[in-house]
file structure_23.cif (mmCIF, C-alpha atoms)
data_entry
#
loop_
_atom_site.group_PDB
_atom_site.id
_atom_site.type_symbol
_atom_site.label_atom_id
_atom_site.label_comp_id
_atom_site.auth_asym_id
_atom_site.auth_seq_id
_atom_site.Cartn_x
_atom_site.Cartn_y
_atom_site.Cartn_z
ATOM 1 C CA MET A 46 88.941 71.084 82.030
ATOM 2 C CA SER A 47 87.195 72.538 85.059
ATOM 3 C CA ALA A 48 86.245 76.202 85.325
ATOM 4 C CA ALA A 49 88.848 76.667 88.048
ATOM 5 C CA THR A 50 91.665 75.212 85.941
ATOM 6 C CA THR A 51 90.702 77.279 82.893
ATOM 7 C CA THR A 52 90.581 80.413 85.047
ATOM 8 C CA LEU A 53 93.912 79.483 86.584
ATOM 9 C CA ILE A 54 95.684 79.104 83.247
ATOM 10 C CA ALA A 55 94.172 82.228 81.690
ATOM 11 C CA LEU A 56 94.856 84.340 84.769
ATOM 12 C CA ALA A 57 98.408 83.041 85.130
ATOM 13 C CA LEU A 58 99.231 83.834 81.499
ATOM 14 C CA GLY A 59 97.501 87.209 81.624
ATOM 15 C CA THR A 60 99.112 88.229 84.896
ATOM 16 C CA TYR A 61 102.538 87.205 83.699
ATOM 17 C CA ALA A 62 102.017 89.166 80.497
ATOM 18 C CA LEU A 63 101.109 92.282 82.491
ATOM 19 C CA LYS A 64 104.135 91.902 84.742
ATOM 20 C CA ALA A 65 106.658 91.077 82.044
ATOM 21 C CA VAL A 66 105.658 93.136 79.024
ATOM 22 C CA ALA A 67 107.484 96.286 80.119
ATOM 23 C CA PRO A 68 110.675 94.677 81.478
ATOM 24 C CA LEU A 69 110.953 92.456 78.396
ATOM 25 C CA ALA A 70 109.969 94.871 75.678
ATOM 26 C CA LEU A 71 109.473 98.495 76.621
ATOM 27 C CA GLY A 72 112.775 99.523 78.113
ATOM 28 C CA GLY A 73 112.756 102.923 79.836
ATOM 29 C CA ARG A 74 109.729 104.482 78.156
ATOM 30 C CA GLN A 75 106.995 106.126 80.221
ATOM 31 C CA LEU A 76 103.236 105.420 80.035
ATOM 32 C CA ASP A 77 101.012 108.188 78.717
ATOM 33 C CA ARG A 78 99.865 110.177 81.771
ATOM 34 C CA ARG A 79 96.135 109.714 81.188
ATOM 35 C CA ILE A 80 96.464 105.958 80.731
ATOM 36 C CA GLY A 81 98.649 105.884 83.848
ATOM 37 C CA ARG A 82 95.868 107.578 85.800
ATOM 38 C CA LEU A 83 93.240 105.079 84.614
ATOM 39 C CA VAL A 84 95.572 102.188 85.479
ATOM 40 C CA ASP A 85 95.880 103.713 88.934
ATOM 41 C CA LEU A 86 92.115 104.130 89.483
ATOM 42 C CA LEU A 87 91.001 100.722 88.264
ATOM 43 C CA PRO A 88 92.214 98.639 91.239
ATOM 44 C CA THR A 89 90.416 101.039 93.585
ATOM 45 C CA ALA A 90 87.132 100.610 91.726
ATOM 46 C CA MET A 91 87.582 96.825 91.624
ATOM 47 C CA LEU A 92 88.430 96.457 95.303
ATOM 48 C CA ALA A 93 85.498 98.667 96.290
ATOM 49 C CA ALA A 94 83.065 96.622 94.206
ATOM 50 C CA LEU A 95 84.485 93.304 95.449
ATOM 51 C CA ALA A 96 84.235 94.382 99.082
ATOM 52 C CA VAL A 97 80.649 95.592 98.879
ATOM 53 C CA VAL A 98 79.379 92.706 96.733
ATOM 54 C CA GLY A 99 81.046 90.210 99.081
ATOM 55 C CA ALA A 100 79.447 91.884 102.079
ATOM 56 C CA VAL A 101 75.838 92.258 100.937
ATOM 57 C CA SER A 102 75.102 89.723 98.202
ATOM 58 C CA ALA A 103 74.046 86.109 98.099
ATOM 59 C CA GLY A 104 74.016 84.923 94.507
ATOM 60 C CA ASP A 105 71.916 87.487 92.646
ATOM 61 C CA ARG A 106 70.093 88.800 95.720
ATOM 62 C CA LEU A 107 71.053 91.620 98.051
ATOM 63 C CA VAL A 108 71.004 90.550 101.708
ATOM 64 C CA LEU A 109 71.978 92.203 104.952
ATOM 65 C CA ASP A 110 73.211 89.464 107.285
ATOM 66 C CA ALA A 111 75.971 88.784 109.789
ATOM 67 C CA ARG A 112 78.630 89.337 107.119
ATOM 68 C CA ALA A 113 77.695 93.009 106.787
ATOM 69 C CA ALA A 114 78.199 93.422 110.541
ATOM 70 C CA GLY A 115 81.604 91.760 110.279
ATOM 71 C CA VAL A 116 82.696 93.953 107.377
ATOM 72 C CA GLY A 117 81.338 97.026 109.211
ATOM 73 C CA VAL A 118 83.510 96.208 112.213
ATOM 74 C CA ALA A 119 86.432 95.649 109.842
ATOM 75 C CA ALA A 120 85.904 99.169 108.487
ATOM 76 C CA LEU A 121 85.982 100.516 112.049
ATOM 77 C CA GLY A 122 89.194 98.613 112.694
ATOM 78 C CA LEU A 123 90.758 100.079 109.555
ATOM 79 C CA ARG A 124 89.629 103.539 110.640
ATOM 80 C CA PHE A 125 91.642 103.014 113.828
ATOM 81 C CA ARG A 126 94.636 101.757 111.826
ATOM 82 C CA LEU A 127 94.583 98.191 113.131
ATOM 83 C CA PRO A 128 96.838 95.772 111.204
ATOM 84 C CA PHE A 129 95.489 93.650 108.356
ATOM 85 C CA ALA A 130 95.428 90.368 110.286
ATOM 86 C CA VAL A 131 93.569 91.906 113.239
ATOM 87 C CA VAL A 132 90.977 93.460 110.946
ATOM 88 C CA VAL A 133 90.315 90.181 109.157
ATOM 89 C CA VAL A 134 90.043 88.235 112.416
ATOM 90 C CA LEU A 135 87.701 90.907 113.844
ATOM 91 C CA ALA A 136 85.450 90.520 110.798
ATOM 92 C CA ALA A 137 85.304 86.747 111.257
ATOM 93 C CA VAL A 138 84.689 86.905 115.014
ATOM 94 C CA THR A 139 81.962 89.549 114.643
ATOM 95 C CA THR A 140 80.219 87.617 111.893
ATOM 96 C CA ALA A 141 80.382 84.379 113.846
ATOM 97 C CA SER A 142 79.043 86.078 117.004
ATOM 98 C CA VAL A 143 76.156 87.832 115.243
ATOM 99 C CA ARG A 144 75.288 84.588 113.478
ATOM 100 C CA ALA A 145 75.356 82.630 116.737
ATOM 101 C CA ALA A 146 73.239 85.294 118.475
ATOM 102 C CA MET A 147 70.609 85.257 115.730
ATOM 103 C CA ALA A 148 70.442 81.475 115.445
ATOM 104 C CA MET B 122 100.838 85.835 105.412
ATOM 105 C CA PRO B 123 97.333 86.545 106.772
ATOM 106 C CA PHE B 124 96.145 87.312 103.259
ATOM 107 C CA GLY B 125 97.624 84.005 102.083
ATOM 108 C CA LEU B 126 95.775 82.171 104.854
ATOM 109 C CA ALA B 127 92.550 83.895 103.784
ATOM 110 C CA PHE B 128 93.201 82.930 100.154
ATOM 111 C CA GLY B 129 93.750 79.311 101.174
ATOM 112 C CA ALA B 130 90.463 79.374 103.089
ATOM 113 C CA LEU B 131 88.690 80.914 100.095
ATOM 114 C CA THR B 132 89.904 78.156 97.758
ATOM 115 C CA SER B 133 88.192 75.581 99.918
ATOM 116 C CA GLN B 134 84.955 77.601 99.928
ATOM 117 C CA ALA B 135 85.175 77.742 96.139
ATOM 118 C CA ASN B 136 85.724 73.946 96.011
ATOM 119 C CA LEU B 137 89.138 74.158 94.391
ATOM 120 C CA THR B 138 91.418 71.154 94.742
ATOM 121 C CA LEU B 139 94.643 71.533 96.715
ATOM 122 C CA TRP B 140 96.497 71.217 93.422
ATOM 123 C CA GLN B 141 94.529 74.091 91.893
ATOM 124 C CA ALA B 142 94.937 76.280 94.978
ATOM 125 C CA THR B 143 98.704 75.784 94.982
ATOM 126 C CA ALA B 144 98.967 76.294 91.233
ATOM 127 C CA PHE B 145 97.175 79.644 91.596
ATOM 128 C CA SER B 146 99.704 80.810 94.159
ATOM 129 C CA VAL B 147 102.745 79.510 92.253
ATOM 130 C CA LEU B 148 101.749 80.483 88.712
ATOM 131 C CA VAL B 149 99.639 83.606 89.151
ATOM 132 C CA PHE B 150 101.457 84.873 92.262
ATOM 133 C CA SER B 151 99.405 88.003 92.661
ATOM 134 C CA GLY B 152 97.380 88.116 95.858
ATOM 135 C CA SER B 153 94.440 90.352 95.100
ATOM 136 C CA ALA B 154 93.990 89.063 91.538
ATOM 137 C CA GLN B 155 93.878 85.432 92.680
ATOM 138 C CA PHE B 156 91.482 86.409 95.415
ATOM 139 C CA ALA B 157 89.163 88.286 93.057
ATOM 140 C CA ALA B 158 89.103 85.555 90.411
ATOM 141 C CA VAL B 159 88.436 82.723 92.867
ATOM 142 C CA ASP B 160 85.806 84.823 94.646
ATOM 143 C CA VAL B 161 83.944 85.372 91.370
ATOM 144 C CA LEU B 162 84.057 81.602 90.717
ATOM 145 C CA ARG B 163 82.798 80.925 94.247
ATOM 146 C CA GLN B 164 79.829 83.206 93.606
ATOM 147 C CA GLY B 165 79.026 81.173 90.506
ATOM 148 C CA GLY B 166 80.468 83.628 87.989
ATOM 149 C CA THR B 167 81.793 82.542 84.606
ATOM 150 C CA VAL B 168 85.433 81.887 83.766
ATOM 151 C CA VAL B 169 85.520 85.041 81.621
ATOM 152 C CA ALA B 170 84.180 87.210 84.468
ATOM 153 C CA ALA B 171 86.703 85.684 86.881
ATOM 154 C CA VAL B 172 89.674 86.231 84.574
ATOM 155 C CA ILE B 173 88.643 89.805 83.743
ATOM 156 C CA ALA B 174 88.193 90.606 87.442
ATOM 157 C CA GLY B 175 91.674 89.271 88.203
ATOM 158 C CA LEU B 176 93.384 90.980 85.295
ATOM 159 C CA MET B 177 91.778 94.367 85.928
ATOM 160 C CA LEU B 178 93.127 94.308 89.469
ATOM 161 C CA ASN B 179 96.496 93.394 88.066
ATOM 162 C CA LEU B 180 96.797 96.333 85.729
ATOM 163 C CA ARG B 181 98.969 97.846 88.412
ATOM 164 C CA SER B 182 101.578 95.129 87.737
ATOM 165 C CA LEU B 183 101.827 96.689 84.300
ATOM 166 C CA SER B 184 102.667 100.067 85.814
ATOM 167 C CA PHE B 185 105.173 98.492 88.245
ATOM 168 C CA GLY B 186 106.814 96.743 85.301
ATOM 169 C CA ILE B 187 107.052 100.010 83.404
ATOM 170 C CA ALA B 188 108.523 101.781 86.428
ATOM 171 C CA LEU B 189 111.089 99.024 87.028
ATOM 172 C CA ALA B 190 111.999 98.313 83.408
ATOM 173 C CA PRO B 191 114.993 100.691 83.283
ATOM 174 C CA SER B 192 116.595 98.857 86.228
ATOM 175 C CA LEU B 193 116.089 95.320 84.900
ATOM 176 C CA ARG B 194 118.891 95.126 82.369
ATOM 177 C CA GLY B 195 120.190 91.551 82.409
ATOM 178 C CA PRO B 196 119.747 88.884 79.725
ATOM 179 C CA ILE B 197 116.181 88.219 78.648
ATOM 180 C CA TRP B 198 115.813 84.929 80.580
ATOM 181 C CA LYS B 199 116.804 86.746 83.777
ATOM 182 C CA ARG B 200 114.337 89.565 83.163
ATOM 183 C CA ALA B 201 111.670 86.951 82.425
ATOM 184 C CA LEU B 202 112.226 85.313 85.833
ATOM 185 C CA GLN B 203 112.515 88.639 87.648
ATOM 186 C CA SER B 204 109.221 89.774 86.143
ATOM 187 C CA HIS B 205 107.359 86.969 87.875
ATOM 188 C CA LEU B 206 108.600 88.329 91.212
ATOM 189 C CA ILE B 207 107.113 91.781 90.576
ATOM 190 C CA ILE B 208 104.315 92.201 93.137
ATOM 191 C CA ASP B 209 103.111 95.102 95.276
ATOM 192 C CA GLU B 210 105.660 94.513 98.027
ATOM 193 C CA SER B 211 108.750 93.896 95.887
ATOM 194 C CA ALA B 212 107.875 96.818 93.610
ATOM 195 C CA ALA B 213 107.347 99.130 96.596
ATOM 196 C CA VAL B 214 110.701 98.209 98.143
ATOM 197 C CA ALA B 215 112.543 98.403 94.825
ATOM 198 C CA LEU B 216 111.040 101.742 93.807
ATOM 199 C CA SER B 217 112.010 103.239 97.158
ATOM 200 C CA LEU B 218 115.662 102.703 96.179
ATOM 201 C CA SER B 219 117.415 104.818 93.577
ATOM 202 C CA ASP B 220 120.289 102.562 92.507
ATOM 203 C CA HIS B 221 119.563 100.180 89.617
ATOM 204 C CA ILE B 222 121.494 97.234 91.088
ATOM 205 C CA ALA B 223 119.878 97.699 94.502
ATOM 206 C CA ARG B 224 116.472 97.731 92.820
ATOM 207 C CA VAL B 225 117.114 94.433 91.053
ATOM 208 C CA ARG B 226 118.283 92.880 94.335
ATOM 209 C CA ALA B 227 115.176 94.210 96.082
ATOM 210 C CA VAL B 228 112.855 92.700 93.476
ATOM 211 C CA VAL B 229 114.587 89.316 93.667
ATOM 212 C CA PHE B 230 114.960 89.222 97.463
ATOM 213 C CA THR B 231 111.566 90.658 98.490
ATOM 214 C CA GLY B 232 109.831 88.785 95.695
ATOM 215 C CA SER B 233 111.386 85.442 96.672
ATOM 216 C CA VAL B 234 110.592 85.859 100.365
ATOM 217 C CA MET B 235 106.993 86.793 99.558
ATOM 218 C CA PHE B 236 106.695 83.931 97.064
ATOM 219 C CA THR B 237 107.722 81.411 99.713
ATOM 220 C CA ALA B 238 105.517 82.889 102.445
ATOM 221 C CA TRP B 239 102.544 83.250 100.121
ATOM 222 C CA ASN B 240 102.621 79.608 99.034
ATOM 223 C CA ILE B 241 103.086 78.245 102.534
ATOM 224 C CA ALA B 242 100.215 80.447 103.745
ATOM 225 C CA THR B 243 97.934 79.290 100.926
ATOM 226 C CA ILE B 244 98.391 75.637 101.834
ATOM 227 C CA ALA B 245 98.066 76.370 105.566
ATOM 228 C CA GLY B 246 94.890 78.433 105.099
ATOM 229 C CA ARG B 247 93.345 75.668 103.062
ATOM 230 C CA ALA B 248 94.246 73.079 105.650
ATOM 231 C CA ILE B 249 92.762 75.186 108.465
ATOM 232 C CA ALA B 250 89.518 75.944 106.659
ATOM 233 C CA GLY B 251 89.114 72.440 105.283
ATOM 234 C CA ALA B 252 86.304 71.724 102.865
ATOM 235 C CA ASN B 253 83.652 72.027 105.553
ATOM 236 C CA GLY B 254 80.990 74.629 104.688
ATOM 237 C CA ASP B 255 79.608 74.663 108.241
ATOM 238 C CA LEU B 256 83.023 75.533 109.577
ATOM 239 C CA VAL B 257 83.248 78.475 107.172
ATOM 240 C CA SER B 258 79.853 79.725 108.272
ATOM 241 C CA SER B 259 80.147 79.170 112.015
ATOM 242 C CA PHE B 260 83.584 80.802 112.282
ATOM 243 C CA GLY B 261 82.550 83.720 110.092
ATOM 244 C CA LEU B 262 85.230 82.926 107.509
ATOM 245 C CA ASP B 263 82.946 84.118 104.706
ATOM 246 C CA ALA B 264 83.278 87.680 106.046
ATOM 247 C CA THR B 265 87.089 87.537 105.848
ATOM 248 C CA VAL B 266 86.968 87.830 102.052
ATOM 249 C CA PRO B 267 85.166 91.194 101.761
ATOM 250 C CA ALA B 268 87.030 92.395 104.871
ATOM 251 C CA ALA B 269 90.343 91.605 103.157
ATOM 252 C CA PHE B 270 89.273 93.505 100.027
ATOM 253 C CA LEU B 271 88.255 96.451 102.204
ATOM 254 C CA ALA B 272 91.636 96.387 103.957
ATOM 255 C CA LEU B 273 93.429 96.449 100.581
ATOM 256 C CA LEU B 274 91.177 99.281 99.445
ATOM 257 C CA TRP B 275 91.549 101.425 102.569
ATOM 258 C CA PRO B 276 94.984 103.029 101.989
ATOM 259 C CA ARG B 277 93.872 104.062 98.499
ATOM 260 C CA LEU B 278 90.976 106.108 99.880
ATOM 261 C CA ALA B 279 93.202 108.880 101.240
ATOM 262 C CA ASP B 280 93.046 110.510 97.813
ATOM 263 C CA TYR B 281 89.810 112.314 96.822
ATOM 264 C CA ARG B 282 89.724 110.988 93.246
ATOM 265 C CA GLN B 283 90.252 107.418 94.405
ATOM 266 C CA ARG B 284 87.552 107.799 97.059
ATOM 267 C CA ARG B 285 85.056 109.106 94.509
ATOM 268 C CA VAL B 286 85.749 106.228 92.112
ATOM 269 C CA ALA B 287 85.377 103.739 94.982
ATOM 270 C CA ILE B 288 81.976 105.096 96.026
ATOM 271 C CA VAL B 289 80.568 105.190 92.495
ATOM 272 C CA SER B 290 81.865 101.682 91.816
ATOM 273 C CA MET B 291 80.245 100.378 95.017
ATOM 274 C CA LEU B 292 76.871 101.918 94.122
ATOM 275 C CA ILE B 293 76.854 100.501 90.594
ATOM 276 C CA ALA B 294 77.973 97.080 91.853
ATOM 277 C CA VAL B 295 75.195 96.912 94.479
ATOM 278 C CA LEU B 296 72.574 97.961 91.931
ATOM 279 C CA GLY B 297 73.998 95.408 89.500
ATOM 280 C CA VAL B 298 73.804 92.398 91.817
ATOM 281 C CA PRO B 299 70.076 91.674 91.237
ATOM 282 C CA LEU B 300 70.195 92.765 87.587
ATOM 283 C CA LEU B 301 73.352 91.314 86.039
ATOM 284 C CA PRO B 302 74.779 87.777 85.689
ATOM 285 C CA ARG B 303 77.019 86.764 88.590
ATOM 286 C CA GLY B 304 80.554 88.122 88.579
ATOM 287 C CA LEU B 305 79.656 90.843 86.092
ATOM 288 C CA PRO B 306 78.569 93.614 88.519
ATOM 289 C CA ILE B 307 82.156 93.905 89.755
ATOM 290 C CA VAL B 308 83.673 94.158 86.306
ATOM 291 C CA ILE B 309 81.012 96.508 84.929
ATOM 292 C CA SER B 310 80.924 98.826 87.933
ATOM 293 C CA SER B 311 84.706 99.196 87.952
ATOM 294 C CA ALA B 312 84.912 99.877 84.244
ATOM 295 C CA ALA B 313 82.013 102.343 84.432
ATOM 296 C CA ALA B 314 83.355 104.184 87.465
ATOM 297 C CA VAL B 315 86.820 104.554 85.970
ATOM 298 C CA ALA B 316 85.534 105.452 82.504
ATOM 299 C CA GLY B 317 83.103 108.002 83.934
ATOM 300 C CA LEU B 318 85.369 109.616 86.496
ATOM 301 C CA GLY B 319 88.885 108.828 85.344
ATOM 302 C CA SER B 320 88.991 111.487 82.665
ATOM 303 C CA THR B 321 87.163 114.269 84.543
ATOM 304 C CA ARG B 322 89.081 117.063 86.180
ATOM 305 C CA THR B 323 88.851 117.514 89.935
#
call {"tool": "encode", "arguments": {"input": "structure_23.cif", "output": "structure tokens"}}
result
Amino acid sequence: MSAATTTLIALALGTYALKAVAPLALGGRQLDRRIGRLVDLLPTAMLAALAVVGAVSAGDRLVLDARAAGVGVAALGLRFRLPFAVVVVLAAVTTASVRAAMA
Amino acid sequence: MPFGLAFGALTSQANLTLWQATAFSVLVFSGSAQFAAVDVLRQGGTVVAAVIAGLMLNLRSLSFGIALAPSLRGPIWKRALQSHLIIDESAAVALSLSDHIARVRAVVFTGSVMFTAWNIATIAGRAIAGANGDLVSSFGLDATVPAAFLALLWPRLADYRQRRVAIVSMLIAVLGVPLLPRGLPIVISSAAAVAGLGSTRT
């Protein structure tokens, strides 16, 4: 089985378990407040790490290339409250332009 | 929809088959988790790192499930199906309503609409991006992935505690890139940032 298929199956089962455990088993009980706070912070930490690693890494090296420019422009777009699709397209167009200019 | 297109494009960068890409969107049905896991694979990370990255992002599904549990009261097979439709959007709509029956309808309706759109977008994004690496590079599609993560992160940064965790996690992740096996910096930085800051008082 390929890495992608194994990941797919494990992630599908795990995600479903996370979604369904409370509706199927817990009933109306409330999470402990401290655990609730950690659960709330974790996605933020993950998204931050994913964004920065995707912008400035190539394998196990740190690189500053056209992608960083694209993600920088995306951040500007978000600052000015542009919609998701516009921000993503801006990132792609900026990266492509910087890459073409440097080539 | 745009996020689904970006996911479809990412699956071709990560050399997933069309079957695998579709199965991700049908069976996992959780945008950011699919994105994170496939991105880790694309970077050459291990299966374990990819699954952990996806599941950590999905811990919020657990809290949605807990918040919605009192409203989902039907027979167990119904609750099992409804649970699959719990995503950010359906949970947000449902939790904005106060009536139990309206909440269940919101989960089923919003969830089903999103499920359909998400799967169509995945296939379309894959078709547009193709399997051509040059195309990805010359149209800047590789920057859409971190830009999409940043866009998902942005609304969370309004809160001081969230912002602090984000910054610490970014620093540890960047430092970890040259030092740790691929895919691990993301998992380790997130866990460290939350463990270090999550319990402190502001």
call {"tool": "interface_residues", "arguments": {"input": "structure_23.cif", "of": "chain A", "to": "chain B", "cutoff": "7 Å", "atoms": "only C-alpha atoms", "output": "PDB file with C-alpha atoms, keeping the file's coordinate frame"}}
result
ATOM      1  CA  ALA A  48      86.245  76.202  85.325  1.00  0.00           C
ATOM      2  CA  ALA A  49      88.848  76.667  88.048  1.00  0.00           C
ATOM      3  CA  THR A  50      91.665  75.212  85.941  1.00  0.00           C
ATOM      4  CA  THR A  52      90.581  80.413  85.047  1.00  0.00           C
ATOM      5  CA  LEU A  53      93.912  79.483  86.584  1.00  0.00           C
ATOM      6  CA  ALA A  55      94.172  82.228  81.690  1.00  0.00           C
ATOM      7  CA  LEU A  56      94.856  84.340  84.769  1.00  0.00           C
ATOM      8  CA  ALA A  57      98.408  83.041  85.130  1.00  0.00           C
ATOM      9  CA  GLY A  59      97.501  87.209  81.624  1.00  0.00           C
ATOM     10  CA  THR A  60      99.112  88.229  84.896  1.00  0.00           C
ATOM     11  CA  TYR A  61     102.538  87.205  83.699  1.00  0.00           C
ATOM     12  CA  LEU A  63     101.109  92.282  82.491  1.00  0.00           C
ATOM     13  CA  LYS A  64     104.135  91.902  84.742  1.00  0.00           C
ATOM     14  CA  ALA A  65     106.658  91.077  82.044  1.00  0.00           C
ATOM     15  CA  ALA A  67     107.484  96.286  80.119  1.00  0.00           C
ATOM     16  CA  PRO A  68     110.675  94.677  81.478  1.00  0.00           C
ATOM     17  CA  LEU A  69     110.953  92.456  78.396  1.00  0.00           C
ATOM     18  CA  GLY A  72     112.775  99.523  78.113  1.00  0.00           C
ATOM     19  CA  GLY A  73     112.756 102.923  79.836  1.00  0.00           C
ATOM     20  CA  GLN A  75     106.995 106.126  80.221  1.00  0.00           C
ATOM     21  CA  LEU A  83      93.240 105.079  84.614  1.00  0.00           C
ATOM     22  CA  VAL A  84      95.572 102.188  85.479  1.00  0.00           C
ATOM     23  CA  ASP A  85      95.880 103.713  88.934  1.00  0.00           C
ATOM     24  CA  LEU A  86      92.115 104.130  89.483  1.00  0.00           C
ATOM     25  CA  LEU A  87      91.001 100.722  88.264  1.00  0.00           C
ATOM     26  CA  PRO A  88      92.214  98.639  91.239  1.00  0.00           C
ATOM     27  CA  THR A  89      90.416 101.039  93.585  1.00  0.00           C
ATOM     28  CA  ALA A  90      87.132 100.610  91.726  1.00  0.00           C
ATOM     29  CA  MET A  91      87.582  96.825  91.624  1.00  0.00           C
ATOM     30  CA  LEU A  92      88.430  96.457  95.303  1.00  0.00           C
ATOM     31  CA  ALA A  93      85.498  98.667  96.290  1.00  0.00           C
ATOM     32  CA  ALA A  94      83.065  96.622  94.206  1.00  0.00           C
ATOM     33  CA  LEU A  95      84.485  93.304  95.449  1.00  0.00           C
ATOM     34  CA  ALA A  96      84.235  94.382  99.082  1.00  0.00           C
ATOM     35  CA  VAL A  97      80.649  95.592  98.879  1.00  0.00           C
ATOM     36  CA  VAL A  98      79.379  92.706  96.733  1.00  0.00           C
ATOM     37  CA  GLY A  99      81.046  90.210  99.081  1.00  0.00           C
ATOM     38  CA  ALA A 100      79.447  91.884 102.079  1.00  0.00           C
ATOM     39  CA  GLY A 104      74.016  84.923  94.507  1.00  0.00           C
ATOM     40  CA  ASP A 105      71.916  87.487  92.646  1.00  0.00           C
ATOM     41  CA  ARG A 106      70.093  88.800  95.720  1.00  0.00           C
ATOM     42  CA  LEU A 107      71.053  91.620  98.051  1.00  0.00           C
ATOM     43  CA  ARG A 112      78.630  89.337 107.119  1.00  0.00           C
ATOM     44  CA  GLY A 115      81.604  91.760 110.279  1.00  0.00           C
ATOM     45  CA  VAL A 116      82.696  93.953 107.377  1.00  0.00           C
ATOM     46  CA  ALA A 119      86.432  95.649 109.842  1.00  0.00           C
ATOM     47  CA  LEU A 123      90.758 100.079 109.555  1.00  0.00           C
ATOM     48  CA  PHE A 129      95.489  93.650 108.356  1.00  0.00           C
ATOM     49  CA  ALA A 130      95.428  90.368 110.286  1.00  0.00           C
ATOM     50  CA  VAL A 133      90.315  90.181 109.157  1.00  0.00           C
ATOM     51  CA  ALA A 136      85.450  90.520 110.798  1.00  0.00           C
ATOM     52  CA  ALA A 137      85.304  86.747 111.257  1.00  0.00           C
ATOM     53  CA  VAL A 138      84.689  86.905 115.014  1.00  0.00           C
ATOM     54  CA  THR A 140      80.219  87.617 111.893  1.00  0.00           C
ATOM     55  CA  ALA A 141      80.382  84.379 113.846  1.00  0.00           C
TER      56      ALA A 141
END
call {"tool": "atom_distance", "arguments": {"input": "structure_23.cif", "atom1": "CA of Val108 in chain A", "atom2": "CA of Phe125 in chain A"}}
result
27.0 Å
call {"tool": "atom_distance", "arguments": {"input": "structure_23.cif", "atom1": "CA of Gln134 in chain B", "atom2": "CA of Val131 in chain A"}}
result
21.4 Å
call {"tool": "atom_distance", "arguments": {"input": "structure_23.cif", "atom1": "CA of Phe230 in chain B", "atom2": "CA of Ala215 in chain B"}}
result
9.9 Å
call {"tool": "closest_residue", "arguments": {"input": "structure_23.cif", "among": "B:Thr143, B:Ala130, B:Ala213, B:His221", "to": "Thr237 in chain B", "atoms": "only C-alpha atoms"}}
result
B:Thr143
call {"tool": "decode", "arguments": {"input": "structure_23.cif", "residues": "range 251-289 of chain B", "atoms": "C-alpha atoms", "output": "PDB file, in the first residue's frame"}}
result
ATOM      1  CA  GLY B 251      -2.575  18.428 -14.011  1.00  0.00           C
ATOM      2  CA  ALA B 252       0.486  16.411 -13.111  1.00  0.00           C
ATOM      3  CA  ASN B 253       2.841  18.896 -14.733  1.00  0.00           C
ATOM      4  CA  GLY B 254       5.495  20.188 -12.306  1.00  0.00           C
ATOM      5  CA  ASP B 255       6.507  23.029 -14.638  1.00  0.00           C
ATOM      6  CA  LEU B 256       2.949  24.269 -14.695  1.00  0.00           C
ATOM      7  CA  VAL B 257       2.879  24.336 -10.891  1.00  0.00           C
ATOM      8  CA  SER B 258       6.104  26.308 -10.795  1.00  0.00           C
ATOM      9  CA  SER B 259       5.449  28.747 -13.629  1.00  0.00           C
ATOM     10  CA  PHE B 260       1.954  29.672 -12.413  1.00  0.00           C
ATOM     11  CA  GLY B 261       3.114  30.009  -8.818  1.00  0.00           C
ATOM     12  CA  LEU B 262       0.736  27.282  -7.637  1.00  0.00           C
ATOM     13  CA  ASP B 263       3.255  26.159  -5.013  1.00  0.00           C
ATOM     14  CA  ALA B 264       2.678  29.447  -3.155  1.00  0.00           C
ATOM     15  CA  THR B 265      -1.086  28.834  -2.974  1.00  0.00           C
ATOM     16  CA  VAL B 266      -0.590  26.168  -0.299  1.00  0.00           C
ATOM     17  CA  PRO B 267       1.128  28.303   2.373  1.00  0.00           C
ATOM     18  CA  ALA B 268      -1.079  31.250   1.354  1.00  0.00           C
ATOM     19  CA  ALA B 269      -4.174  29.120   2.002  1.00  0.00           C
ATOM     20  CA  PHE B 270      -2.851  28.091   5.429  1.00  0.00           C
ATOM     21  CA  LEU B 271      -2.151  31.744   6.219  1.00  0.00           C
ATOM     22  CA  ALA B 272      -5.689  32.698   5.178  1.00  0.00           C
ATOM     23  CA  LEU B 273      -7.132  30.013   7.487  1.00  0.00           C
ATOM     24  CA  LEU B 274      -4.864  31.209  10.282  1.00  0.00           C
ATOM     25  CA  TRP B 275      -5.618  34.921   9.908  1.00  0.00           C
ATOM     26  CA  PRO B 276      -9.024  35.189  11.650  1.00  0.00           C
ATOM     27  CA  ARG B 277      -7.596  33.329  14.648  1.00  0.00           C
ATOM     28  CA  LEU B 278      -4.919  35.980  15.188  1.00  0.00           C
ATOM     29  CA  ALA B 279      -7.357  38.587  16.512  1.00  0.00           C
ATOM     30  CA  ASP B 280      -6.904  37.070  19.964  1.00  0.00           C
ATOM     31  CA  TYR B 281      -3.641  37.805  21.841  1.00  0.00           C
ATOM     32  CA  ARG B 282      -3.152  34.252  23.143  1.00  0.00           C
ATOM     33  CA  GLN B 283      -3.684  32.764  19.698  1.00  0.00           C
ATOM     34  CA  ARG B 284      -1.281  35.278  18.156  1.00  0.00           C
ATOM     35  CA  ARG B 285       1.420  34.442  20.695  1.00  0.00           C
ATOM     36  CA  VAL B 286       1.063  30.699  20.085  1.00  0.00           C
ATOM     37  CA  ALA B 287       1.219  31.290  16.317  1.00  0.00           C
ATOM     38  CA  ILE B 288       4.452  33.289  16.530  1.00  0.00           C
ATOM     39  CA  VAL B 289       6.208  30.820  18.828  1.00  0.00           C
TER      40      VAL B 289
END
